[in-house]
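Structure, as structure tokens:
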Amino acid sequence: MGCGQGRLVAPTPDREAAETLRVALSSEDASSDDGAGAAASTGTGWGTLTGRFVFVGTPPAAKQLIVDKDTAVCTAEGRKLFDQSLQVDESTGGLANVVVFARKVSRVKEREIAEEPLVFDQKVCEFLTPVFAARVGQPIDVRNSDPIGHNTNVSGTSFNQLIPAGEGTLFTPSRETGMPTMVTCNIHPWMKAYAVFREDGYVAVSSADGSFTLPDLPAGEEVELQVWHERSTGPNGALGADMPAYDWSSKGRFTVTLEADQTTNIGDIEIPASALGG
Amino acid sequence: MNLPSATACKNNQPTTTAPRLSLACLGVCCLLPILAGCGQTPAATFRPNMVESAKQRLQPEQEQQVATILEAMFGTPDNPVVLPETGLDIAKLRLAAGPVHSDIVGRKNGLFREHCSHCHGVTGDGMGPTAAFLNPYPRDYRPGWFKFKSTERADKPTHADLVTILNNGIYGTSMPSFELLGETKVDALVEYVKYLSMRGEAELSLMRYYFELDDEDEGKLPETRDFLIEEILLPVAERWQEAEDAVIEVPEMPEVDLTESIAMGKELFYGNKANCVKCHGVTALGDGQANDYDDWNKVVKQWSAELQSAHETSTSDMTSEERSEHRAWLAKSDRVLAGDALDPRTIQPRNLRQAIYRGGRRPLDLYYRIHAGINGAPMPAAAGTLSPDEIWHIVNYIRSLPYEFDGELGADRSMVARDRL
């Protein structure tokens, strides 16, 4: 690494603007713009959003993972492990493991936070759910169904815990993740999954056939949603799509207005291979 | 003070009657050209987090906005300022900040630049001039992760934890002890490390927030108190203030025979419950899991892999404008990777037979490491999985490892060091 050689010239702060801003930040009675971020609620009732992600083209063959630890369990009887980041349904082209969550809602329907723990299991040195979503406050039963020990490390949270063989530990997320965060096992570095936690619980992961359903969203007003896929070439994994009717942006956001007590199906959302990297 | 002027110096020949005066003259004459030179050296500046900036694809005007906001909130390396919300003590920061100099009462200032910046960098990014030659690399304070502390895994270290690190140094690394500086100076340096860390974390939040903006924000962060203080600064500052209440409660060591405790610890070490053996190896030489990265190196490692795949991504679907934008971003990112990041290195699990414990060798220190794991490192937490007694047994076993007979590593027979002689 060349020290300083070829180092980019960094931007310099605007001294005067910094001085002015400092004064503004130091004054206690600085005007606060209340509610500037939260959109005012204009609709009533609740509706359901559904749709389906479809992969267009031929999915590339999944890469084989290098398994060099605990091979007696992980690759017993010549078993091979493959990268799970792209899962396309052979018959329907459905794209699994796309995350859709509400980015901005003016109101949240009161629902109980599930007390039943969500099971997040690992078996034969693989996470059984490569992408999972939970509501903040919902307990997650991090399980290990292997005869060997694992550790589960949810980055960006306090959780990096030993999970003994055949046992489980409860983890209750206490904060939102923003975009999904990586989950790894440090003992077996090829193991990888993603988790997303949302305060309002408006989050879904597309199933094997590519479909997703988000119930109980506010109806009669615009709702903005954020879409993510592990392999997306967009910023921070944001998944863009060619859906002008919903103002689908390159930041992976779209807006939709639902009708109360109705299910609004936005249909098939086509994702070209180029949007999901090599 | 009656210092003679430079011209007076020239005309004044040294005489035996005025040796003091002539010495003073000499001093002033020699210093003047140097002082003049100093004036032209640009003032020290904080280096932006270029890796995050490139990752977030920030535009130059956005980079400048971040730099401006940070200067408003934290000042410059020569002139730190802090908002009351940080809870930081400006008097301590002044002692640590700035160029090395003595103030009007003869007190040494500029402690960070004198003692720390050559490794940790003026910005606290762990990329001072010597950084690339050290293994492990010096700590980058900006993500706000600290390894050796008495608090739960994701919590900040207490003030006392950092004082301990500065006083003891970190055995097995290039970090020396600064105990001889004395309490006041060490205290000032710890305050300054917190300041650089808060600044670094605030910078990361600001840079990441551009992605969260709506179209109508036109790529500009709001410069309101609500946003900058409530959403950016306080979440970071409060976690530092909460650290003092997050110290791990350590129960007494169980009253069992030490040999028995060691035996139980050994069983746990090799067993499927604690699983220490997976990384620290069957020999406990730290040769188990050797191809993982710590969180600091992982950032660079993953970023470089992402960049690699971006280089391989076909640009045929892009418009010519998008293509040139994409290429400019790639070119910038490559330079950032070369100039603003150190080559990622794998992390080595600790060799437990050397009796070198970076976070301290007291049984209590080892208890903390096992209970909470090591933040930023792969080492997971055992609390919740193992009982406090079980953690103590492992502590005892680990403390016995350097003295175990090394002809039979991992074998049942153990020996005390005395027997080996």
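Chain lettering (A, B, ...) mirrors the order of the structure tokens, residue numbering begins at 1 for each chain separately, and ligand numbering begins at 1 in order of display.
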
Residue list for chain B near chain A as a PyMOL selection string, 6 Å, only C-alpha atoms: chain B and resi 64+67-68+71-72+154+225+272-273+338-339+378+380-382

Selection: 8 Å around Asp146 of chain A, only C-alpha atoms, excl. self and same-chain fewer than 6 positions, as a list in words: Val73, Gln122, Lys123, Val124, Cys125, Ala165 and Gly166 of chain A

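Residues within 12 Å of Glu112 of chain A, counting only C-alpha atoms and excluding same-chain residues fewer than 5 positions away, are Arg135, Val136, Gly137, Gln138, Asp200 and Gly201 of chain A.
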
Please return, as an mmCIF file with C-alpha atoms, in the first residue's frame, all residues of segment 88-130 of chain A that DSSP assigns to strand (DSSP E or B) on the basis of the backbone.
```
data_model
loop_
_atom_site.group_PDB
_atom_site.id
_atom_site.type_symbol
_atom_site.label_atom_id
_atom_site.label_comp_id
_atom_site.auth_asym_id
_atom_site.auth_seq_id
_atom_site.Cartn_x
_atom_site.Cartn_y
_atom_site.Cartn_z
ATOM 1 C CA VAL A 88 -34.831 -19.388 -8.505
ATOM 2 C CA GLY A 94 -39.912 -17.263 -8.923
ATOM 3 C CA LEU A 95 -37.090 -15.441 -7.134
ATOM 4 C CA VAL A 99 -36.970 -8.616 1.233
ATOM 5 C CA VAL A 100 -39.819 -6.098 1.041
ATOM 6 C CA PHE A 101 -40.476 -3.734 3.932
ATOM 7 C CA ALA A 102 -42.501 -0.589 4.528
ATOM 8 C CA ARG A 103 -40.199 2.385 4.499
ATOM 9 C CA LYS A 104 -42.674 5.065 5.383
ATOM 10 C CA LEU A 118 -39.327 -17.620 15.302
ATOM 11 C CA VAL A 119 -37.077 -20.584 14.621
ATOM 12 C CA PHE A 120 -33.754 -19.866 12.959
ATOM 13 C CA ASP A 121 -32.038 -23.196 12.568
ATOM 14 C CA GLN A 122 -28.750 -24.501 11.218
ATOM 15 C CA LYS A 123 -28.242 -28.011 10.000
ATOM 16 C CA GLU A 126 -26.010 -24.430 6.576
ATOM 17 C CA PHE A 127 -28.516 -21.869 7.802
#
```

Test item: residues at most 7 Å from segment 243-254 of chain B, only C-alpha atoms, excluding those fewer than 3 positions along its chain, as a list in words: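 Returned residues: Ser150, Thr151, Glu152, Asp155, Lys156, Pro157, Thr158, Arg239, Trp240, Pro388, Asp389 and Trp392 of chain B.
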
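Of the residues under consideration (B:Leu364, B:Leu228, B:Leu258, B:Ala54), B:Ala54 shows the shortest atom-to-atom contact distance to Leu307 of chain B when counting only C-alpha atoms.
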
Residue neighbourhood segment 207-224 of chain B, 7 Å, only C-alpha atoms, exclusion window fewer than 6 positions, as a list of chain:residue names: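 Returned residues: B:Ser53, B:Gln56, B:Gln62.
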
Distance in Å - atom CA of Phe254 of chain A versus atom CA of Asp242 of chain A: 10.6 Å

Atomic separation - atom CA of Glu306 of chain B relative to atom CA of Pro235 of chain B, Å: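 Going from atom CA of Pro235 of chain B over to atom CA of Glu306 of chain B covers 29.2 Å.
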
Thr346 of chain B surroundings by only C-alpha atoms, 7 Å radius, close-in-sequence under 4 positions cut, as number ranges by chain: B: 290-293

Test item: residues at most 7 Å from Ser207 of chain A, only C-alpha atoms, excluding those fewer than 4 positions along its chain, as a list in words: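 Close residues of Ser207 of chain A: Ala96, Asn97, Ser211 and Phe212 of chain A.
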